[in-house]
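One file, run06.csv, carrying CSV, C-alpha atoms:
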chain,number,residue,atom,x,y,z
A,1,MET,CA,30.5,6.5,21.5
A,2,VAL,CA,27.0,7.1,23.2
A,3,HIS,CA,28.2,10.4,24.6
A,4,LEU,CA,29.3,11.5,21.1
A,5,ILE,CA,25.9,10.5,19.6
A,6,VAL,CA,24.0,12.4,22.3
A,7,GLN,CA,26.2,15.5,21.7
A,8,LEU,CA,25.6,15.4,18.0
A,9,ALA,CA,21.8,15.1,18.6
A,10,TRP,CA,21.9,18.1,20.9
A,11,THR,CA,23.8,20.1,18.2
A,12,CYS,CA,21.2,19.2,15.6
A,13,TYR,CA,18.4,20.2,17.9
A,14,ASN,CA,20.1,23.5,18.5
A,15,PHE,CA,20.2,24.1,14.7
A,16,TYR,CA,16.4,24.5,15.1
A,17,GLN,CA,16.5,26.4,18.4
A,18,SER,CA,19.0,29.0,17.1
A,19,THR,CA,16.6,30.6,14.6
A,20,PRO,CA,13.5,32.9,15.2
A,21,THR,CA,11.2,30.3,13.5
A,22,LYS,CA,12.8,27.4,15.4
A,23,LEU,CA,13.3,25.6,12.1
A,24,ALA,CA,16.8,24.7,11.0
A,25,GLY,CA,18.6,25.8,7.9
A,26,GLU,CA,19.9,23.4,5.3
A,27,ASN,CA,23.5,23.5,6.5
A,28,TYR,CA,25.7,25.2,9.1
A,29,TYR,CA,29.3,26.4,9.4
A,30,PHE,CA,31.6,25.7,12.3
A,31,ARG,CA,34.6,28.0,12.6
A,32,LYS,CA,37.3,28.0,15.2
A,33,ASP,CA,36.5,30.3,18.2
A,34,GLU,CA,33.1,31.2,16.7
A,35,ASP,CA,29.6,30.2,17.3
A,36,MET,CA,28.0,28.0,14.7
A,37,ASN,CA,26.1,30.0,12.0
A,38,VAL,CA,23.6,29.1,9.3
A,39,GLY,CA,25.0,28.5,5.8
A,40,THR,CA,22.2,27.8,3.4
A,41,SER,CA,19.2,29.0,5.3
A,42,TRP,CA,16.2,27.4,3.6
A,43,ASN,CA,14.2,24.6,5.4
A,44,ILE,CA,12.7,21.8,3.3
A,45,GLN,CA,11.3,19.7,6.1
A,46,ARG,CA,14.1,17.1,6.2
A,47,PRO,CA,13.6,14.1,8.6
A,48,GLU,CA,17.2,13.4,9.8
A,49,THR,CA,17.0,15.2,13.1
A,50,ILE,CA,13.6,13.8,14.0
A,51,GLU,CA,14.9,10.3,13.0
A,52,SER,CA,17.8,10.7,15.3
A,53,LEU,CA,15.6,11.7,18.2
A,54,PHE,CA,13.3,8.7,17.5
A,55,TYR,CA,16.2,6.3,17.8
A,56,LEU,CA,17.6,8.0,20.9
A,57,TRP,CA,14.2,7.8,22.6
A,58,ARG,CA,13.8,4.1,21.7
A,59,PHE,CA,17.2,3.2,23.1
A,60,THR,CA,17.3,5.4,26.2
A,61,ARG,CA,13.6,6.2,27.0
A,62,ASN,CA,14.8,9.7,27.9
A,63,LYS,CA,11.7,11.9,27.5
A,64,THR,CA,14.0,14.9,26.6
A,65,TYR,CA,14.1,13.6,23.0
A,66,GLN,CA,10.3,13.6,22.9
A,67,GLU,CA,10.2,17.2,24.2
A,68,TRP,CA,12.7,18.2,21.5
A,69,GLY,CA,10.7,16.5,18.8
A,70,TRP,CA,7.5,18.1,20.0
A,71,ASN,CA,9.2,21.6,19.9
A,72,ILE,CA,10.2,20.9,16.3
A,73,PHE,CA,6.7,19.7,15.4
A,74,GLN,CA,5.2,22.9,16.9
A,75,ALA,CA,7.6,25.0,14.8
A,76,PHE,CA,6.4,23.1,11.6
A,77,GLU,CA,2.8,23.8,12.7
A,78,LYS,CA,3.4,27.5,13.2
A,79,ASN,CA,5.6,28.2,10.2
A,80,SER,CA,5.0,25.6,7.6
A,81,ARG,CA,1.3,24.6,7.8
A,82,THR,CA,-1.0,26.0,5.1
A,83,GLU,CA,-4.7,25.3,4.3
A,84,THR,CA,-3.7,22.4,2.0
A,85,GLY,CA,-0.5,20.9,3.6
A,86,TYR,CA,2.9,21.8,4.8
A,87,VAL,CA,5.5,23.8,2.9
A,88,GLY,CA,9.2,24.6,3.3
A,89,LEU,CA,10.8,28.0,3.9
A,90,ARG,CA,12.5,29.7,1.1
A,91,ASP,CA,15.9,31.4,1.0
A,92,GLU,CA,15.4,34.6,-0.9
A,93,TYR,CA,19.0,35.7,-0.4
A,94,PHE,CA,20.3,32.5,-2.0
A,95,LEU,CA,17.9,32.8,-4.9
A,96,MET,CA,18.9,36.5,-5.5
A,97,HIS,CA,22.6,35.6,-5.6
A,98,TYR,CA,22.0,32.6,-7.9
A,99,LYS,CA,20.0,34.8,-10.3
A,100,ASN,CA,22.5,37.7,-10.2
A,101,TYR,CA,25.8,35.8,-10.2
A,102,GLY,CA,24.9,32.3,-11.6
A,103,PHE,CA,26.5,30.3,-8.8
A,104,PRO,CA,25.4,29.2,-5.3
A,105,ILE,CA,25.8,31.1,-2.1
A,106,VAL,CA,28.7,28.9,-0.9
A,107,THR,CA,30.7,29.9,-4.0
A,108,CYS,CA,29.7,33.5,-3.4
A,109,ALA,CA,31.2,33.2,0.1
A,110,LEU,CA,34.5,32.0,-1.4
A,111,ARG,CA,34.5,35.0,-3.7
A,112,ASN,CA,34.0,37.4,-0.8
A,113,ILE,CA,30.8,39.0,-2.2
A,114,THR,CA,28.4,37.8,0.5
A,115,LYS,CA,26.6,39.6,3.3
A,116,PRO,CA,25.5,38.2,6.6
A,117,LEU,CA,22.6,35.8,6.0
A,118,LEU,CA,19.9,38.0,7.5
A,119,ASN,CA,16.2,38.2,6.6
A,120,THR,CA,16.3,34.7,5.1
A,121,GLN,CA,13.6,32.1,5.4
A,122,VAL,CA,14.5,30.4,8.8
A,123,ASN,CA,14.6,33.9,10.3
A,124,THR,CA,11.6,35.5,8.6
A,125,GLY,CA,9.4,32.4,7.9
A,126,ASP,CA,8.9,33.2,4.2
A,127,LYS,CA,7.2,30.2,2.7
A,128,ASP,CA,7.9,28.4,-0.5
A,129,ASP,CA,5.2,26.6,-2.5
A,130,MET,CA,6.2,22.9,-2.2
A,131,MET,CA,5.6,20.1,0.3
A,132,GLN,CA,8.3,17.5,0.0
A,133,SER,CA,7.2,13.9,-0.3
A,134,PHE,CA,9.6,12.8,2.4
A,135,PHE,CA,7.9,15.2,4.9
A,136,LEU,CA,4.9,12.7,5.0
A,137,ALA,CA,6.9,9.6,4.3
A,138,GLU,CA,9.7,10.2,6.8
A,139,THR,CA,9.5,13.3,8.9
A,140,LEU,CA,5.9,12.8,10.1
A,141,LYS,CA,6.4,9.1,10.3
A,142,TYR,CA,9.3,9.4,12.7
A,143,LEU,CA,7.4,12.0,14.7
A,144,TYR,CA,4.5,9.6,15.1
A,145,LEU,CA,6.8,6.8,16.2
A,146,LEU,CA,8.6,9.2,18.6
A,147,PHE,CA,5.4,9.3,20.6
A,148,SER,CA,4.2,5.8,20.1
A,149,PRO,CA,4.8,2.8,22.4
A,150,PRO,CA,8.1,1.0,21.7
A,151,SER,CA,6.0,-2.1,20.6
A,152,VAL,CA,4.9,-0.1,17.5
A,153,ILE,CA,7.3,-1.3,14.8
A,154,SER,CA,9.6,-2.7,17.5
A,155,LEU,CA,13.3,-2.3,16.6
A,156,ASP,CA,13.8,-5.9,17.8
A,157,GLU,CA,11.8,-7.0,14.8
A,158,TRP,CA,12.1,-4.3,12.2
A,159,VAL,CA,14.8,-2.2,10.6
A,160,PHE,CA,14.2,1.1,8.7
A,161,ASN,CA,15.9,1.7,5.3
A,162,THR,CA,17.1,5.2,4.3
A,163,GLU,CA,13.6,6.1,3.1
A,164,ALA,CA,12.0,5.1,6.5
A,165,HIS,CA,10.4,2.0,5.1
A,166,PRO,CA,10.2,-0.7,7.8
A,167,LEU,CA,11.6,-4.1,6.8
A,168,ARG,CA,11.1,-7.2,9.0
A,169,ILE,CA,14.3,-8.8,10.3
A,170,VAL,CA,14.4,-12.4,9.1
A,171,THR,CA,17.4,-14.6,9.8
A,172,ARG,CA,18.4,-17.8,7.9
A,173,ASN,CA,17.2,-20.0,10.7
A,174,SER,CA,14.0,-18.0,11.5
A,175,HIS,CA,11.9,-21.1,11.4
A,176,GLU,CA,14.1,-22.7,14.1
A,177,GLU,CA,13.6,-19.7,16.3
A,178,GLY,CA,9.9,-20.0,16.3
A,179,GLN,CA,9.0,-17.5,13.7
A,180,SER,CA,6.1,-18.8,11.7
A,181,ILE,CA,6.4,-19.2,8.0
A,182,ASP,CA,3.3,-19.8,5.8
A,183,PRO,CA,4.1,-22.7,3.5
A,184,GLU,CA,1.3,-21.6,1.2
A,185,GLU,CA,2.8,-18.1,0.7
A,186,LYS,CA,3.6,-17.6,-2.9
A,187,ILE,CA,6.9,-16.0,-3.8
A,188,PRO,CA,7.5,-14.1,-7.1
A,189,HIS,CA,9.5,-16.3,-9.4
A,190,HIS,CA,10.4,-13.4,-11.7
A,191,LEU,CA,9.7,-9.7,-11.3
A,192,HIS,CA,8.7,-7.9,-14.4
A,193,GLY,CA,8.8,-4.2,-15.0
A,194,ARG,CA,5.4,-2.4,-15.3
A,195,LYS,CA,5.8,-2.3,-19.1
A,196,GLU,CA,6.6,-6.0,-19.3
A,197,GLY,CA,3.4,-7.3,-17.7
A,198,ARG,CA,2.2,-9.0,-14.5
A,199,ILE,CA,4.3,-10.7,-11.9
A,200,ASP,CA,4.7,-14.4,-12.6
A,201,TYR,CA,3.9,-16.4,-9.5
A,202,LYS,CA,4.9,-20.1,-9.4
Please, can you express the file's structure as structure tokens?
Amino acid sequence: MVHLIVQLAWTCYNFYQSTPTKLAGENYYFRKDEDMNVGTSWNIQRPETIESLFYLWRFTRNKTYQEWGWNIFQAFEKNSRTETGYVGLRDEYFLMHYKNYGFPIVTCALRNITKPLLNTQVNTGDKDDMMQSFFLAETLKYLYLLFSPPSVISLDEWVFNTEAHPLRIVTRNSHEEGQSIDPEEKIPHHLHGRKEGRIDYK
């Protein structure tokens, strides 16, 4: 299982390394007896590959994953950074086909009206005008943790949800295991929506 995980991470990293900008496309095709090739070729700064490298670094301490993460970060710095933030890379070819034919590039491929995906964003570095919220909340967070000591948000004490929010691990018998619980801590008795008023503590 570990070997499979490592191979998948290597494949994801090579999504980045296979383009001139060193930033990965949105998806890739794998066909028998052919090299992988980019499908939808925009990049919107997704965190999943960096997240995978973070976990592999924490569990193996193999600095290769830090090197891969640093290379991806450098690609963001070179291709996505602007004076006011970081933006994604657009896919002009996709937008052109959507405008002309009214359906996405994948459907175009099924109807045999596509051309090779050349001169698109991950190849040319053409920028869009949007910084995704998850670039700050997830991508950069996992990059920071990738180069932080393992004691920073230790995986023995914390677990991340799908939005990269750390949640402390608490068991039913945490108080018996020596974890301190503040008896004065107030717990919300009922949570109201913002339009319903304040939280009622009892």
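The spacing separating atom CA of Thr21 of chain A from atom CA of Val122 of chain A amounts to 5.7 Å.
The smallest atom-to-atom distance between Met130 of chain A and any of A:His3, A:Arg81, A:Arg172, A:Arg31, using all atoms listed in the file, is found for A:Arg81.
For the pair atom CA of Tyr65 of chain A and atom CA of Lys32 of chain A, the separation is 28.4 Å.
The interatomic distance for the pair atom CA of Ala9 of chain A and atom CA of Ile50 of chain A works out to 9.5 Å.
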